[in-house]
file final.txt (compact mmCIF, C-alpha atoms)
# COMPACT_ATOMS: atom_id res chain seq x y z
CA MET L 1 118.75 131.58 53.46
CA LYS L 2 118.95 134.40 55.99
CA SER L 3 115.94 133.07 57.93
CA GLU L 4 117.48 129.59 58.01
CA THR L 5 120.74 130.99 59.43
CA THR L 6 118.78 132.96 62.04
CA SER L 7 116.79 129.86 63.01
CA ARG L 8 119.99 127.82 63.37
CA ARG L 9 121.54 130.57 65.49
CA ASN L 10 118.46 130.71 67.74
CA ARG L 11 118.51 126.94 68.25
CA THR L 12 122.21 127.01 69.09
CA SER L 13 121.63 129.89 71.51
CA PHE L 14 118.75 128.01 73.15
CA TRP L 15 120.74 124.83 73.75
CA PHE L 16 123.78 126.77 74.95
CA THR L 17 121.61 128.73 77.39
CA ALA L 18 119.82 125.59 78.56
CA ARG L 19 123.10 123.74 79.12
CA GLU L 20 124.56 126.68 81.01
CA ALA L 21 121.41 127.02 83.15
CA LEU L 22 121.45 123.29 83.89
CA GLY L 23 125.08 123.49 84.98
CA ILE L 24 124.31 126.42 87.32
CA ALA L 25 121.29 124.54 88.71
CA LEU L 26 123.38 121.45 89.49
CA SER L 27 126.10 123.51 91.10
CA GLU L 28 123.49 125.22 93.30
CA LEU L 29 122.21 121.81 94.37
CA ARG L 30 125.73 120.68 95.28
CA ALA L 31 126.46 123.92 97.11
CA HIS L 32 123.40 123.64 99.38
CA LYS L 33 123.00 119.89 99.92
CA LEU L 34 121.13 119.94 103.23
CA ARG L 35 118.82 122.76 102.19
CA SER L 36 118.10 121.03 98.90
CA PHE L 37 117.33 117.72 100.64
CA LEU L 38 114.97 119.31 103.18
CA THR L 39 113.31 121.22 100.36
CA LEU L 40 112.70 118.01 98.45
CA LEU L 41 111.16 115.97 101.28
CA GLY L 42 107.60 116.69 100.11
CA VAL L 43 108.40 115.69 96.53
CA VAL L 44 110.31 112.57 97.68
CA ILE L 45 107.45 111.40 99.90
CA SER L 46 104.74 112.08 97.30
CA THR L 47 106.67 110.43 94.45
CA ALA L 48 107.54 107.39 96.57
CA THR L 49 103.96 107.05 97.80
CA LEU L 50 102.53 107.25 94.28
CA ILE L 51 104.97 104.68 92.87
CA VAL L 52 104.57 102.25 95.78
CA VAL L 53 100.76 102.36 95.54
CA MET L 54 100.85 101.98 91.74
CA SER L 55 103.27 99.06 92.14
CA VAL L 56 101.15 97.31 94.76
CA VAL L 57 97.94 97.81 92.75
CA HIS L 58 99.68 96.59 89.58
CA GLY L 59 101.11 93.56 91.39
CA LEU L 60 97.81 92.70 93.06
CA ASN L 61 95.89 93.00 89.78
CA GLN L 62 98.31 90.59 88.12
CA TYR L 63 98.21 88.28 91.12
CA ILE L 64 94.41 88.20 91.34
CA ALA L 65 94.15 87.59 87.59
CA THR L 66 96.67 84.73 87.76
CA HIS L 67 95.91 83.02 91.08
CA VAL L 68 92.35 83.91 92.08
CA ALA L 69 90.29 84.90 89.04
CA ASP L 70 91.94 82.31 86.82
CA MET L 71 88.92 80.32 85.66
CA GLY L 72 89.24 81.74 82.17
CA THR L 73 86.66 83.47 80.02
CA ASP L 74 84.57 80.35 79.40
CA THR L 75 83.81 79.11 82.94
CA PHE L 76 81.40 80.26 85.63
CA ILE L 77 80.53 79.01 89.12
CA ILE L 78 77.10 78.58 90.68
CA SER L 79 77.21 78.93 94.45
CA GLU L 80 75.14 80.12 97.39
CA PHE L 81 76.19 83.78 97.11
CA PRO L 82 77.41 86.12 94.37
CA TRP L 83 81.04 87.11 94.88
CA THR L 84 80.39 90.80 94.36
CA MET L 85 77.75 92.37 96.58
CA THR L 86 77.16 95.51 98.58
CA PHE L 87 76.70 95.10 102.33
CA GLU L 88 72.93 95.60 102.02
CA GLN L 89 72.75 92.97 99.27
CA TRP L 90 74.75 90.57 101.42
CA LEU L 91 72.36 91.03 104.36
CA LYS L 92 69.39 90.25 102.10
CA ALA L 93 71.18 87.25 100.58
CA GLN L 94 71.93 85.90 104.06
CA ARG L 95 68.20 85.72 104.71
CA ARG L 96 67.07 84.47 101.27
CA ASN L 97 69.81 82.39 99.68
CA ARG L 98 70.37 78.74 100.44
CA PRO L 99 73.25 76.39 99.62
CA VAL L 100 73.50 74.61 96.29
CA ASP L 101 72.94 70.87 96.88
CA ILE L 102 73.85 67.69 95.05
CA GLU L 103 70.34 67.19 93.68
CA GLU L 104 70.61 70.56 91.92
CA TYR L 105 73.98 69.53 90.51
CA ASP L 106 72.49 66.28 89.18
CA PHE L 107 69.56 68.25 87.71
CA LEU L 108 71.85 70.71 85.89
CA ARG L 109 74.20 67.96 84.73
CA ASP L 110 71.33 65.98 83.22
CA THR L 111 69.43 68.98 81.82
CA MET L 112 72.04 71.41 80.45
CA GLN L 113 72.85 70.32 76.92
CA ALA L 114 75.00 73.23 75.79
CA SER L 115 77.78 73.00 78.38
CA LYS L 116 81.16 71.52 77.58
CA HIS L 117 81.85 70.29 81.11
CA ILE L 118 80.03 70.54 84.42
CA GLY L 119 81.44 69.53 87.79
CA ALA L 120 80.98 70.19 91.49
CA SER L 121 83.07 70.57 94.61
CA ALA L 122 82.43 70.76 98.37
CA THR L 123 84.93 71.73 101.05
CA LEU L 124 85.04 70.59 104.68
CA SER L 125 84.71 73.75 106.75
CA LEU L 126 87.24 72.68 109.41
CA PRO L 127 90.46 71.44 107.75
CA PRO L 128 91.28 68.01 109.19
CA PRO L 129 94.77 66.63 110.00
CA ALA L 130 96.47 64.13 107.69
CA HIS L 131 98.96 61.40 108.66
CA TYR L 132 101.27 58.95 106.99
CA GLY L 133 103.47 56.84 109.22
CA ASN L 134 104.99 59.18 111.80
CA GLN L 135 104.55 62.25 109.59
CA GLN L 136 101.65 64.66 110.13
CA ILE L 137 100.16 67.76 108.50
CA ASP L 138 97.92 69.51 111.01
CA GLU L 139 95.48 70.95 108.48
CA VAL L 140 94.73 69.98 104.89
CA VAL L 141 92.00 71.31 102.60
CA LEU L 142 89.61 68.40 102.10
CA ASN L 143 87.42 68.59 98.98
CA GLY L 144 84.72 66.25 97.77
CA VAL L 145 84.70 66.43 93.96
CA THR L 146 83.07 64.98 90.90
CA PRO L 147 85.28 63.22 88.32
CA SER L 148 84.59 65.90 85.68
CA LEU L 149 86.21 68.64 87.77
CA ILE L 150 89.66 67.73 86.41
CA ASP L 151 88.51 69.02 82.99
CA ILE L 152 87.52 72.44 84.34
CA GLY L 153 89.81 73.70 87.11
CA GLN L 154 93.52 74.46 87.19
CA THR L 155 94.35 71.08 88.78
CA GLU L 156 96.47 68.82 86.58
CA VAL L 157 97.65 65.24 87.15
CA LEU L 158 101.40 64.93 87.73
CA TYR L 159 101.27 61.16 87.81
CA GLY L 160 98.79 58.46 88.71
CA ARG L 161 95.17 59.25 87.84
CA TYR L 162 92.25 61.42 88.91
CA ILE L 163 89.01 60.25 90.52
CA THR L 164 86.94 58.20 88.06
CA ASP L 165 83.22 57.57 87.55
CA SER L 166 83.70 54.14 89.15
CA ASP L 167 85.23 55.75 92.28
CA TYR L 168 82.31 58.18 92.36
CA LEU L 169 79.59 55.53 91.97
CA HIS L 170 81.10 53.10 94.49
CA ARG L 171 81.98 55.77 97.06
CA SER L 172 85.55 54.51 97.05
CA MET L 173 88.02 55.39 99.83
CA VAL L 174 90.53 56.86 97.41
CA CYS L 175 92.19 60.26 97.25
CA PHE L 176 94.01 62.59 94.89
CA ILE L 177 96.63 64.61 96.77
CA GLY L 178 98.37 67.96 96.34
CA HIS L 179 102.10 68.43 95.93
CA ASP L 180 102.63 69.44 99.58
CA LEU L 181 101.53 66.00 100.77
CA LEU L 182 103.85 64.35 98.26
CA THR L 183 106.79 66.41 99.58
CA LYS L 184 105.93 65.80 103.25
CA PHE L 185 104.83 62.16 103.22
CA PHE L 186 106.57 60.62 100.21
CA PRO L 187 109.86 62.50 99.53
CA ASN L 188 111.65 59.37 98.28
CA THR L 189 108.77 56.93 97.82
CA ASP L 190 106.15 56.26 95.17
CA PRO L 191 102.87 57.38 96.82
CA LEU L 192 100.54 55.46 94.49
CA GLY L 193 98.70 52.73 96.34
CA LYS L 194 99.80 53.97 99.77
CA GLU L 195 97.22 54.79 102.43
CA ILE L 196 97.11 58.09 104.27
CA LEU L 197 94.89 58.90 107.22
CA VAL L 198 92.61 61.92 106.95
CA ARG L 199 90.91 62.67 110.26
CA GLY L 200 91.79 59.09 111.25
CA LEU L 201 90.22 57.47 108.17
CA PRO L 202 92.31 55.58 105.57
CA PHE L 203 92.35 56.75 101.93
CA ARG L 204 94.36 55.11 99.18
CA VAL L 205 96.41 57.51 97.06
CA ILE L 206 95.56 57.17 93.37
CA GLY L 207 97.20 60.32 91.96
CA VAL L 208 99.28 63.41 92.62
CA ALA L 209 98.62 66.94 91.31
CA LYS L 210 101.12 69.23 89.66
CA SER L 211 102.31 72.01 91.91
CA ILE L 212 100.12 75.13 91.72
CA GLY L 213 102.04 77.50 94.02
CA THR L 214 100.91 79.95 96.67
CA SER L 215 98.11 82.50 96.95
CA PHE L 216 98.68 85.44 99.34
CA GLY L 217 101.33 83.40 101.12
CA GLN L 218 99.09 80.32 101.51
CA SER L 219 99.97 77.13 99.69
CA GLU L 220 97.53 75.98 97.01
CA ASP L 221 99.06 72.47 97.06
CA ASN L 222 97.97 71.45 100.56
CA PHE L 223 94.81 69.53 99.60
CA VAL L 224 93.20 66.12 99.50
CA GLN L 225 90.40 65.43 97.02
CA ILE L 226 88.04 62.50 97.43
CA PRO L 227 84.89 61.48 95.53
CA LEU L 228 81.96 63.74 96.40
CA THR L 229 79.83 60.67 97.19
CA THR L 230 82.45 59.47 99.68
CA PHE L 231 82.52 62.97 101.18
CA GLN L 232 78.74 62.71 101.64
CA LYS L 233 78.93 59.25 103.19
CA ILE L 234 81.65 60.08 105.73
CA PHE L 235 81.78 63.81 106.45
CA VAL L 236 78.71 65.85 105.41
CA ALA L 237 75.47 64.21 104.27
CA ARG L 238 74.20 67.38 102.52
CA PRO L 239 77.29 69.38 101.54
CA GLN L 240 77.25 72.94 100.23
CA LEU L 241 78.38 72.77 96.61
CA SER L 242 80.02 75.02 94.10
CA ILE L 243 79.01 73.97 90.58
CA PHE L 244 81.54 74.68 87.83
CA VAL L 245 80.16 75.08 84.30
CA GLU L 246 82.45 75.39 81.27
CA ALA L 247 81.17 76.66 77.92
CA TRP L 248 82.51 75.63 74.54
CA SER L 249 83.64 79.21 73.92
CA SER L 250 83.59 82.62 75.61
CA GLY L 251 80.97 83.74 73.09
CA GLN L 252 78.57 81.11 74.43
CA MET L 253 78.98 82.21 78.07
CA ALA L 254 76.07 84.67 78.26
CA ALA L 255 73.57 82.19 76.79
CA LEU L 256 74.84 79.37 79.01
CA GLN L 257 74.59 81.54 82.14
CA ASP L 258 71.01 82.46 81.19
CA GLU L 259 70.18 78.78 80.76
CA ALA L 260 71.73 77.87 84.11
CA ARG L 261 69.91 80.74 85.85
CA GLU L 262 66.57 79.72 84.33
CA LEU L 263 67.03 76.07 85.30
CA MET L 264 68.03 76.94 88.86
CA ARG L 265 65.02 79.24 89.25
CA VAL L 266 62.70 76.53 87.92
CA ARG L 267 64.26 73.96 90.24
CA ARG L 268 63.84 76.26 93.24
CA HIS L 269 60.35 77.49 92.19
CA ILE L 270 61.38 81.15 92.38
CA PRO L 271 58.57 83.50 91.25
CA TYR L 272 59.27 85.75 88.28
CA SER L 273 59.16 88.91 90.40
CA GLU L 274 61.72 87.71 92.97
CA ALA L 275 65.50 87.82 92.81
CA ASP L 276 67.78 84.78 92.51
CA THR L 277 68.50 82.83 95.68
CA PHE L 278 71.92 81.77 94.40
CA GLY L 279 74.93 83.37 92.74
CA ILE L 280 76.41 82.96 89.27
CA ASN L 281 80.03 84.09 89.33
CA THR L 282 82.65 84.68 86.65
CA SER L 283 86.31 85.66 86.82
CA GLU L 284 85.50 88.83 84.82
CA ALA L 285 82.98 89.94 87.48
CA LEU L 286 85.53 89.30 90.22
CA MET L 287 88.25 91.19 88.35
CA SER L 288 85.87 94.06 87.63
CA ALA L 289 84.94 94.37 91.31
CA TRP L 290 88.57 94.08 92.34
CA GLN L 291 89.72 96.75 89.90
CA SER L 292 86.91 99.01 91.08
CA LEU L 293 88.17 98.60 94.64
CA THR L 294 91.81 99.22 93.73
CA GLY L 295 90.71 102.17 91.58
CA THR L 296 89.06 103.73 94.63
CA ILE L 297 92.20 103.15 96.70
CA PHE L 298 94.35 104.63 93.95
CA GLY L 299 92.05 107.65 93.65
CA ALA L 300 92.34 108.33 97.39
CA THR L 301 96.12 107.97 97.10
CA VAL L 302 96.25 110.46 94.25
CA GLY L 303 94.46 112.97 96.48
CA ILE L 304 97.03 112.48 99.26
CA VAL L 305 99.90 112.66 96.77
CA ALA L 306 98.48 115.88 95.31
CA VAL L 307 98.52 117.50 98.76
CA PHE L 308 102.14 116.46 99.31
CA LEU L 309 103.11 117.71 95.85
CA VAL L 310 101.48 121.11 96.42
CA ILE L 311 103.24 121.42 99.79
CA GLY L 312 106.53 120.36 98.20
CA GLY L 313 105.97 122.79 95.34
CA ILE L 314 105.30 125.70 97.70
CA VAL L 315 108.49 124.89 99.63
CA ILE L 316 110.44 124.79 96.36
CA MET L 317 108.95 128.16 95.33
CA ASN L 318 109.93 129.72 98.65
CA ILE L 319 113.48 128.37 98.41
CA MET L 320 113.76 129.65 94.84
CA LEU L 321 112.53 133.10 95.96
CA ALA L 322 115.19 133.06 98.68
CA SER L 323 117.74 132.03 96.06
CA VAL L 324 116.71 134.96 93.85
CA THR L 325 117.14 137.33 96.80
CA GLU L 326 120.57 135.88 97.62
CA ARG L 327 121.72 136.29 94.02
CA TYR L 328 120.55 139.86 93.26
CA HIS L 329 124.11 140.95 92.56
CA GLU L 330 124.73 137.99 90.21
CA ILE L 331 121.46 138.66 88.36
CA GLY L 332 122.26 142.35 87.98
CA LEU L 333 125.76 141.53 86.72
CA ARG L 334 124.47 139.05 84.16
CA LYS L 335 121.80 141.44 82.89
CA SER L 336 124.33 144.25 82.59
CA LEU L 337 126.51 141.91 80.48
CA GLY L 338 123.67 141.22 78.06
CA ALA L 339 121.66 138.38 79.57
CA ARG L 340 118.09 138.48 78.34
CA ARG L 341 114.98 138.05 80.45
CA SER L 342 114.35 134.72 78.75
CA ASP L 343 117.85 133.51 79.74
CA LEU L 344 117.29 134.29 83.41
CA ARG L 345 113.76 132.91 83.31
CA MET L 346 115.04 129.67 81.81
CA GLN L 347 117.85 129.43 84.35
CA PHE L 348 115.60 129.65 87.40
CA ILE L 349 112.87 127.46 85.93
CA LEU L 350 115.49 124.84 85.11
CA GLU L 351 116.92 125.11 88.62
CA SER L 352 113.47 124.55 90.09
CA SER L 353 112.78 121.64 87.72
CA VAL L 354 116.15 120.02 88.40
CA LEU L 355 115.57 120.44 92.13
CA ALA L 356 112.15 118.77 91.93
CA GLY L 357 113.45 116.17 89.44
CA ALA L 358 116.22 115.23 91.90
CA GLY L 359 113.49 114.76 94.51
CA GLY L 360 111.62 112.57 92.05
CA VAL L 361 114.70 110.41 91.47
CA MET L 362 115.21 110.01 95.23
CA GLY L 363 111.52 109.17 95.56
CA ILE L 364 111.84 106.51 92.85
CA LEU L 365 114.82 104.89 94.58
CA PHE L 366 113.00 104.99 97.91
CA ALA L 367 109.88 103.50 96.28
CA ILE L 368 111.87 100.63 94.73
CA ILE L 369 113.28 99.75 98.17
CA LEU L 370 109.83 99.98 99.81
CA THR L 371 108.23 97.90 97.05
CA ALA L 372 110.85 95.18 97.49
CA LEU L 373 110.13 95.11 101.24
CA VAL L 374 106.36 94.96 100.63
CA ARG L 375 106.81 92.13 98.12
CA ALA L 376 109.06 90.18 100.50
CA VAL L 377 106.87 90.59 103.59
CA VAL L 378 103.24 91.34 102.80
CA LEU L 379 101.79 91.69 99.30
CA PRO L 380 102.71 90.99 95.70
CA ALA L 381 104.04 94.17 94.11
CA SER L 382 106.04 95.02 91.02
CA VAL L 383 107.42 98.40 89.98
CA SER L 384 106.25 99.18 86.47
CA LEU L 385 108.00 101.51 84.04
CA THR L 386 104.76 103.51 83.82
CA ALA L 387 104.84 104.23 87.55
CA VAL L 388 108.46 105.39 87.37
CA VAL L 389 107.81 107.65 84.37
CA VAL L 390 104.65 109.12 85.92
CA GLY L 391 106.45 109.80 89.21
CA LEU L 392 109.41 111.49 87.53
CA LEU L 393 107.24 113.57 85.19
CA LEU L 394 105.00 114.75 88.04
CA SER L 395 107.96 115.84 90.15
CA CYS L 396 109.52 117.76 87.23
CA LEU L 397 106.18 119.39 86.40
CA VAL L 398 105.82 120.51 90.02
CA GLY L 399 109.27 122.13 89.83
CA LEU L 400 108.40 123.72 86.51
CA PHE L 401 105.06 125.13 87.72
CA PHE L 402 106.25 126.43 91.07
CA GLY L 403 109.45 127.79 89.55
CA ILE L 404 107.63 130.16 87.17
CA TYR L 405 106.98 132.93 89.73
CA PRO L 406 110.55 133.09 91.13
CA ALA L 407 111.94 132.93 87.58
CA SER L 408 109.68 135.79 86.45
CA LYS L 409 110.72 137.84 89.48
CA ALA L 410 114.40 137.32 88.66
CA ALA L 411 113.86 138.15 84.98
CA LYS L 412 112.05 141.42 85.75
CA LEU L 413 114.74 142.81 88.06
CA ASP L 414 116.27 146.11 87.02
CA PRO L 415 120.04 145.49 86.57
CA ILE L 416 121.10 148.75 88.23
CA GLU L 417 118.85 148.16 91.27
CA ALA L 418 119.99 144.53 91.45
CA LEU L 419 123.68 145.53 91.44
CA ARG L 420 123.08 147.83 94.39
CA MET L 421 121.73 144.96 96.47
CA GLU L 422 123.89 142.22 97.94
CA GLY L 423 120.96 139.89 98.93

call {"tool": "encode", "arguments": {"input": "final.txt", "output": "structure tokens"}}
result
Amino acid sequence: MKSETTSRRNRTSFWFTAREALGIALSELRAHKLRSFLTLLGVVISTATLIVVMSVVHGLNQYIATHVADMGTDTFIISEFPWTMTFEQWLKAQRRNRPVDIEEYDFLRDTMQASKHIGASATLSLPPPAHYGNQQIDEVVLNGVTPSLIDIGQTEVLYGRYITDSDYLHRSMVCFIGHDLLTKFFPNTDPLGKEILVRGLPFRVIGVAKSIGTSFGQSEDNFVQIPLTTFQKIFVARPQLSIFVEAWSSGQMAALQDEARELMRVRRHIPYSEADTFGINTSEALMSAWQSLTGTIFGATVGIVAVFLVIGGIVIMNIMLASVTERYHEIGLRKSLGARRSDLRMQFILESSVLAGAGGVMGILFAIILTALVRAVVLPASVSLTAVVVGLLLSCLVGLFFGIYPASKAAKLDPIEALRMEG
């Protein structure tokens, strides 16, 4: 019973002391506003930098996953180059690799039995202009596609229809358009059956795609798709293809990639000892490479932030030492009235932590403003709760760590000697 009463008394004493120390710390901050602000600049800058970088990395990761690496876990692309290469690998690939052609697509389509869907796409390297009546779009993305591509990519039909096998076989002058062309050319008119001019050539509109949105500020809806055979006949006789292969499930992906690699090597007569002359790419590989890059950037940022935090912590320690010197008389008076070493130690550590925590809060507010500007002007970014918590905890820990020495110095002062000094 006696031990329980003592424990309750100790807890009450602790919270009373902590509350009193917190009140003194806040009053000291209010009493020396300019000094406190200048002291906190290092903590403010480091906290804001950390949160902004975490927010940009977080936003970019989400954006890449949603808009760029959005093929899903059951689709891969065969193209001339792998998406993830070192500079040395790229130089070698430039010499060895060659474009994927339509004969290779036909070979894979007819030979691969385990795939769910297989399609191909080619893009005109110089975006041509498009016209309808007196309206013009200076540059549109022109793709030659196979009919099966609608089953694989993110493109969906809003109304009308997609390119069919009949269009493909007969090299028809038809087109499937993106939402930007609908908005520009046909704001109040049904586009189906109308003819638009692409690089001066007429194409009949057979369908319109659902809006996709933007990617890094560039519209994903500014496109015209025509049959790949028509693309060959009019624009490029031997286009460079990207072949899209969809598996029945993500568990089948590895086996299907191995089959595609083996077939491509056989088709190209690549010796066993030599590397592939093409690339097989997945969204997971792209995301892995991207996260490795952003991880490197974040690691470098952490190093910079650590330097700022140490500098800010040293400044806080110096200010707290000056504060101890200024308050010798107060410390001596409190100790002579019964204040324990632990009380004084807690007071100055709390003052240091509150000082650094205030810097962290200012850094968070500054980071939120900066992140909003970055999101509005340059890059996708979103402030996460994790970034805010990490920033605030780091700033408080800096105050706690660098406040230990000044607090110990104050706690060890002899009350009689302290009362003789006026700081």

call {"tool": "closest_residue", "arguments": {"input": "final.txt", "among": "L:Gly332, L:Gly178, L:Gly207, L:Gly119", "to": "Leu192 in chain L", "atoms": "all atoms listed in the file"}}
result
L:Gly207

call {"tool": "residues_around", "arguments": {"input": "final.txt", "residues": "Ile152 in chain L", "least_positions_apart": "4", "cutoff": "12 Å", "atoms": "only C-alpha atoms", "output": "PyMOL selection string"}}
result
chain L and resi 70-77+115-121+145-148+156+243-248

call {"tool": "atom_distance", "arguments": {"input": "final.txt", "atom1": "CA of Ala358 in chain L", "atom2": "CA of Arg341 in chain L"}}
result
25.6 Å

call {"tool": "residues_around", "arguments": {"input": "final.txt", "residues": "Ile280 in chain L", "least_positions_apart": "3", "cutoff": "9 Å", "atoms": "only C-alpha atoms", "output": "MDAnalysis selection string"}}
result
chainID L and resid 76:83 257 260:261

call {"tool": "write_last_selection", "arguments": {"input": "final.txt", "atoms": "C-alpha atoms", "output": "CSV table (one decimal), in the frame of the given file"}}
result
chain,number,residue,atom,x,y,z
L,76,PHE,CA,81.4,80.3,85.6
L,77,ILE,CA,80.5,79.0,89.1
L,78,ILE,CA,77.1,78.6,90.7
L,79,SER,CA,77.2,78.9,94.4
L,80,GLU,CA,75.1,80.1,97.4
L,81,PHE,CA,76.2,83.8,97.1
L,82,PRO,CA,77.4,86.1,94.4
L,83,TRP,CA,81.0,87.1,94.9
L,257,GLN,CA,74.6,81.5,82.1
L,260,ALA,CA,71.7,77.9,84.1
L,261,ARG,CA,69.9,80.7,85.8

call {"tool": "residues_around", "arguments": {"input": "final.txt", "residues": "Gln136 in chain L", "least_positions_apart": "2", "cutoff": "10 Å", "atoms": "all atoms listed in the file", "output": "number ranges by chain"}}
result
L: 129-134, 138-139, 181, 184-185, 196-198

call {"tool": "write_last_selection", "arguments": {"input": "final.txt", "atoms": "C-alpha atoms", "output": "tab-separated table (two decimals), keeping the file's coordinate frame"}}
result
chain	number	residue	atom	x	y	z
L	129	PRO	CA	94.77	66.63	110.00
L	130	ALA	CA	96.47	64.13	107.69
L	131	HIS	CA	98.96	61.40	108.66
L	132	TYR	CA	101.27	58.95	106.99
L	133	GLY	CA	103.47	56.84	109.22
L	134	ASN	CA	104.99	59.18	111.80
L	138	ASP	CA	97.92	69.51	111.01
L	139	GLU	CA	95.48	70.95	108.48
L	181	LEU	CA	101.53	66.00	100.77
L	184	LYS	CA	105.93	65.80	103.25
L	185	PHE	CA	104.83	62.16	103.22
L	196	ILE	CA	97.11	58.09	104.27
L	197	LEU	CA	94.89	58.90	107.22
L	198	VAL	CA	92.61	61.92	106.95

call {"tool": "atom_distance", "arguments": {"input": "final.txt", "atom1": "CA of Ala93 in chain L", "atom2": "CA of Ala275 in chain L"}}
result
9.6 Å

call {"tool": "atom_distance", "arguments": {"input": "final.txt", "atom1": "CA of Val377 in chain L", "atom2": "CA of Thr47 in chain L"}}
result
21.8 Å

call {"tool": "closest_atom_pairs", "arguments": {"input": "final.txt", "of": "range 43-141 of chain L", "to": "range 304-327 of chain L", "cutoff": "8 Å", "atoms": "only C-alpha atoms", "output": "Markdown table"}}
result
| residue | atom | partner | partner_atom | distance |
| --- | --- | --- | --- | --- |
| L:Val43 | CA | L:Gly312 | CA | 5.3 |
| L:Ile45 | CA | L:Phe308 | CA | 7.4 |
| L:Ser46 | CA | L:Val305 | CA | 4.9 |
| L:Thr47 | CA | L:Val305 | CA | 7.5 |
| L:Thr49 | CA | L:Val305 | CA | 7.0 |
| L:Leu50 | CA | L:Val305 | CA | 6.5 |

call {"tool": "closest_residue", "arguments": {"input": "final.txt", "among": "L:His329, L:Arg238, L:Lys194, L:Arg161", "to": "Thr123 in chain L", "atoms": "all atoms listed in the file"}}
result
L:Arg238

call {"tool": "closest_residue", "arguments": {"input": "final.txt", "among": "L:Ile177, L:Leu385, L:Met264, L:Val141", "to": "Thr155 in chain L", "atoms": "all atoms listed in the file"}}
result
L:Ile177

call {"tool": "closest_residue", "arguments": {"input": "final.txt", "among": "L:Ser283, L:Gln240, L:Thr386, L:Thr294", "to": "Tyr105 in chain L", "atoms": "all atoms listed in the file"}}
result
L:Gln240

call {"tool": "closest_residue", "arguments": {"input": "final.txt", "among": "L:Thr183, L:Gln135, L:Ser172, L:Gln218", "to": "Ile206 in chain L", "atoms": "only C-alpha atoms"}}
result
L:Ser172

call {"tool": "residues_near_point", "arguments": {"input": "final.txt", "point": "(108.5, 93.7, 95.0)", "cutoff": "7 Å", "atoms": "only C-alpha atoms", "output": "list of chain:residue names"}}
result
L:Thr371, L:Ala372, L:Leu373, L:Val374, L:Arg375, L:Ala376, L:Pro380, L:Ala381, L:Ser382, L:Val383

call {"tool": "residues_near_point", "arguments": {"input": "final.txt", "point": "(116.6, 126.6, 90.6)", "cutoff": "8 Å", "atoms": "only C-alpha atoms", "output": "MDAnalysis selection string"}}
result
chainID L and resid 25 28 320 323 347:355 403

call {"tool": "residues_around", "arguments": {"input": "final.txt", "residues": "Ala356 in chain L", "least_positions_apart": "6", "cutoff": "7 Å", "atoms": "only C-alpha atoms", "output": "list in words"}}
result
Leu40, Val43, Ser395, Cys396, Val398 and Gly399 of chain L

call {"tool": "residues_around", "arguments": {"input": "final.txt", "residues": "Asp221 in chain L", "least_positions_apart": "5", "cutoff": "7 Å", "atoms": "all atoms listed in the file", "output": "number ranges by chain"}}
result
L: 178-180, 211-213

call {"tool": "closest_residue", "arguments": {"input": "final.txt", "among": "L:Arg345, L:Arg30, L:Arg340, L:Arg268", "to": "Glu104 in chain L", "atoms": "all atoms listed in the file"}}
result
L:Arg268

call {"tool": "decode", "arguments": {"input": "final.txt", "residues": "range 338-370 of chain L", "atoms": "C-alpha atoms", "output": "short mmCIF file (atom, residue, chain, number, x, y, z; two decimals), in the first residue's frame"}}
result
data_model
loop_
_atom_site.label_atom_id
_atom_site.label_comp_id
_atom_site.auth_asym_id
_atom_site.auth_seq_id
_atom_site.Cartn_x
_atom_site.Cartn_y
_atom_site.Cartn_z
CA GLY L 338 14.35 22.52 -2.94
CA ALA L 339 14.48 21.96 -6.68
CA ARG L 340 16.19 18.68 -7.47
CA ARG L 341 18.81 18.10 -10.13
CA SER L 342 16.31 16.03 -12.08
CA ASP L 343 13.82 18.95 -12.05
CA LEU L 344 16.34 21.36 -13.52
CA ARG L 345 17.60 18.77 -15.98
CA MET L 346 14.05 18.13 -17.17
CA GLN L 347 13.33 21.84 -17.47
CA PHE L 348 16.26 22.61 -19.75
CA ILE L 349 15.88 19.44 -21.81
CA LEU L 350 12.21 20.27 -22.31
CA GLU L 351 13.10 23.84 -23.27
CA SER L 352 15.56 22.55 -25.85
CA SER L 353 13.04 19.99 -27.17
CA VAL L 354 10.24 22.54 -27.35
CA LEU L 355 12.57 24.95 -29.14
CA ALA L 356 13.54 22.32 -31.72
CA GLY L 357 9.93 21.04 -31.92
CA ALA L 358 8.75 24.59 -32.72
CA GLY L 359 11.33 24.62 -35.51
CA GLY L 360 9.97 21.30 -36.72
CA VAL L 361 6.42 22.67 -36.80
CA MET L 362 7.57 25.72 -38.77
CA GLY L 363 9.48 23.41 -41.10
CA ILE L 364 6.34 21.30 -41.64
CA LEU L 365 4.25 24.37 -42.50
CA PHE L 366 6.97 25.61 -44.85
CA ALA L 367 7.21 22.15 -46.46
CA ILE L 368 3.43 22.00 -47.04
CA ILE L 369 3.57 25.35 -48.85
CA LEU L 370 6.61 24.28 -50.92
#
